[in-house]
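Trainee: Handing you a structure now.
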Amino acid sequence: MCESLKFHAELAESARAPTEFRLLNNSDSIMVGCKNDNGQGYRVLLSLLDQSPNGGTPLCRHINEVVQKICILEPQLRANRQRAVLVIATDGESSDGDVAQAMKPLRSLPVWVVIRLCTGEERIVNYWNNIDKDLEVNMDIIDDFLSESQDIRRVNGWFTYGEPLHRLREFGIVMKDLDLIDESKLSADQMRNVVAML
């Protein structure tokens with residue numbers, strides 16, 4: 001997870017793409033990719049990522065706070081035909097409530113959600129897949145690179161899945177056909193869409 005977060009922090013900083021990182025315990029949110037902070041947020045985040053994670057998994061509190069921020073940005077996002085991207089990198093369940101309930105307001109907001117699973121534990125994978133199925137939120141659930149490439153190979157053997165595309169999906173690239181590529185065989189039109197995007 002740390003290697004993935006470091007990659008995305010560097011991408012946000014290099015692209016000057018303002019990105020809020022939230023570590024679940026013992027840290028305020030950290031902005032990376034801001035034009036006038038001289039890389040301060042990036043350096044703070046990297047130093048925190050070198051520490052071992054500890055504590056619970058208060059996902060609901062953080063999701064509620066992010067939902068409030070997206071609600072404030074909603075008119076601007078809609079006016080610009082944009083979406084916010086919410087990436088949740090996790091290896092477990094929430095320790096502070098019902099994640100599905102916390103995520104319900106996202107159904108009506110201009111947002112794309114990426115769940116980056118950092119575990120292959122079947123119970124956790126099923127937990128997040130059930131949330132995806134029940135919520136009807138625009139969401140993509142992504143495993144680690146190796147597991148994701150194996151899942152894609154099983155249903156779309158024609159496609160060679162590489163780490164650059166995996167990182168783009170983690171970052172929140174919005175393309176529904178990419179969300180489906182590890183779930184079912186793509187139709188000819190979907191295949192053309194994916195190839196054209198590449």
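Residue numbering restarts at 1 in every chain; chains get A, B, ... in the order shown in the structure tokens, and ligands count up from 1 in that same order.
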Can you tell me, as a list of chain:residue names, what residues are no more than 9 Å from His62 of chain A when counting only C-alpha atoms, ignoring any on the same chain fewer than 5 positions away?
Mentor: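 That gives A:Arg22, A:Leu24, A:Val67.
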Trainee: Just the residues within 12 Å of segment 146-154 of chain A, please, counting only C-alpha atoms, with nothing from its chain fewer than 3 positions along; format it as a VMD selection string.
Mentor: chain A and resid 116 to 121 125 140 to 143 157 to 163 165 to 167 169 to 170 178 to 186
Trainee: Tell me, in Å to one decimal, how far atom CA of Met31 of chain A is from atom CA of Leu168 of chain A.
Mentor: 19.5 Å
Trainee: Do you know which residues are at most 10 Å from Ser14 of chain A counting only C-alpha atoms, after dropping those on the same chain fewer than 6 positions away, and could you put them as an mmCIF file with N, CA and C atoms, in the first residue's frame?
Mentor:
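After the write, part29.cif holds the following:
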```cif
data_model
loop_
_atom_site.group_PDB
_atom_site.id
_atom_site.type_symbol
_atom_site.label_atom_id
_atom_site.label_comp_id
_atom_site.auth_asym_id
_atom_site.auth_seq_id
_atom_site.Cartn_x
_atom_site.Cartn_y
_atom_site.Cartn_z
ATOM 1 N N HIS A 8 1.424 7.653 -6.127
ATOM 2 C CA HIS A 8 0.356 8.613 -6.388
ATOM 3 C C HIS A 8 0.669 9.988 -5.814
ATOM 4 N N VAL A 32 -1.301 17.489 -1.348
ATOM 5 C CA VAL A 32 -0.133 17.308 -2.212
ATOM 6 C C VAL A 32 -0.516 17.819 -3.596
ATOM 7 N N GLY A 33 0.443 18.406 -4.294
ATOM 8 C CA GLY A 33 0.193 18.892 -5.648
ATOM 9 C C GLY A 33 -0.281 20.327 -5.703
ATOM 10 N N CYS A 34 -0.164 21.031 -4.594
ATOM 11 C CA CYS A 34 -0.558 22.440 -4.566
ATOM 12 C C CYS A 34 0.550 23.282 -5.208
ATOM 13 N N GLY A 39 6.343 21.920 -2.307
ATOM 14 C CA GLY A 39 6.509 20.495 -2.037
ATOM 15 C C GLY A 39 6.408 20.099 -0.577
#
```
Trainee: Provide the atom CA of Lys6 of chain A to atom CA of Leu49 of chain A distance in Å, to one decimal place.
Mentor: 7.8 Å
Trainee: Have a look at A:Asn25, A:Gly41, A:Arg107, A:Val155 and name the one nearest to Leu59 of chain A; count only C-alpha atoms.
Mentor: A:Asn25
Trainee: Among the residues of segment 91-182 of chain A, find those DSSP assigns to strand (DSSP E) from the backbone and print them as a list in words.
Mentor: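 Here is the list: Val111, Trp112, Val113, Val114, Ile115, Arg116, Leu117, Met139, Asp140, Ile141 and Ile142 of chain A.
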Trainee: Find the distance between atom CA of Met175 of chain A and atom CA of Leu23 of chain A and write it in Å to one decimal.
Mentor: 26.8 Å
Trainee: Which one of A:Arg192, A:Ser4, A:Asn80, A:Leu48 sits closest to Asp144 of chain A if you count only C-alpha atoms?
Mentor: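 Selected residue with least distance to Asp144 of chain A: A:Ser4.
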Trainee: Val85 of chain A: which residues within 8 Å, counting only C-alpha atoms, same-chain residues fewer than 4 positions away excluded, as a list in words?
Mentor: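 Counting only the stated atoms, we get Val111, Trp112, Val113, Val114 and Gly172 of chain A.
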Trainee: Using only C-alpha atoms, which residue out of A:Gln51, A:Asn138, A:Ser29, A:Ser94 lies closest to Val66 of chain A?
Mentor: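 Closest candidate: A:Ser29.
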Trainee: I need the residues of chain A that end up classed as helix (DSSP H, G or I) by DSSP on the backbone, written out as JSON, numbers by chain.
Mentor: {"A": [2, 3, 4, 5, 6, 7, 8, 9, 10, 11, 12, 13, 14, 15, 40, 41, 42, 43, 44, 45, 46, 47, 48, 49, 59, 60, 61, 62, 63, 64, 65, 66, 67, 68, 69, 70, 71, 72, 73, 74, 75, 76, 77, 78, 79, 99, 100, 101, 102, 103, 104, 105, 106, 107, 108, 122, 123, 124, 125, 126, 127, 128, 129, 130, 131, 132, 133, 134, 135, 145, 146, 147, 148, 149, 150, 151, 152, 153, 154, 155, 163, 164, 165, 166, 167, 168, 169, 170, 171, 176, 177, 178, 179, 180, 188, 189, 190, 191, 192, 193, 194, 195, 196, 197]}
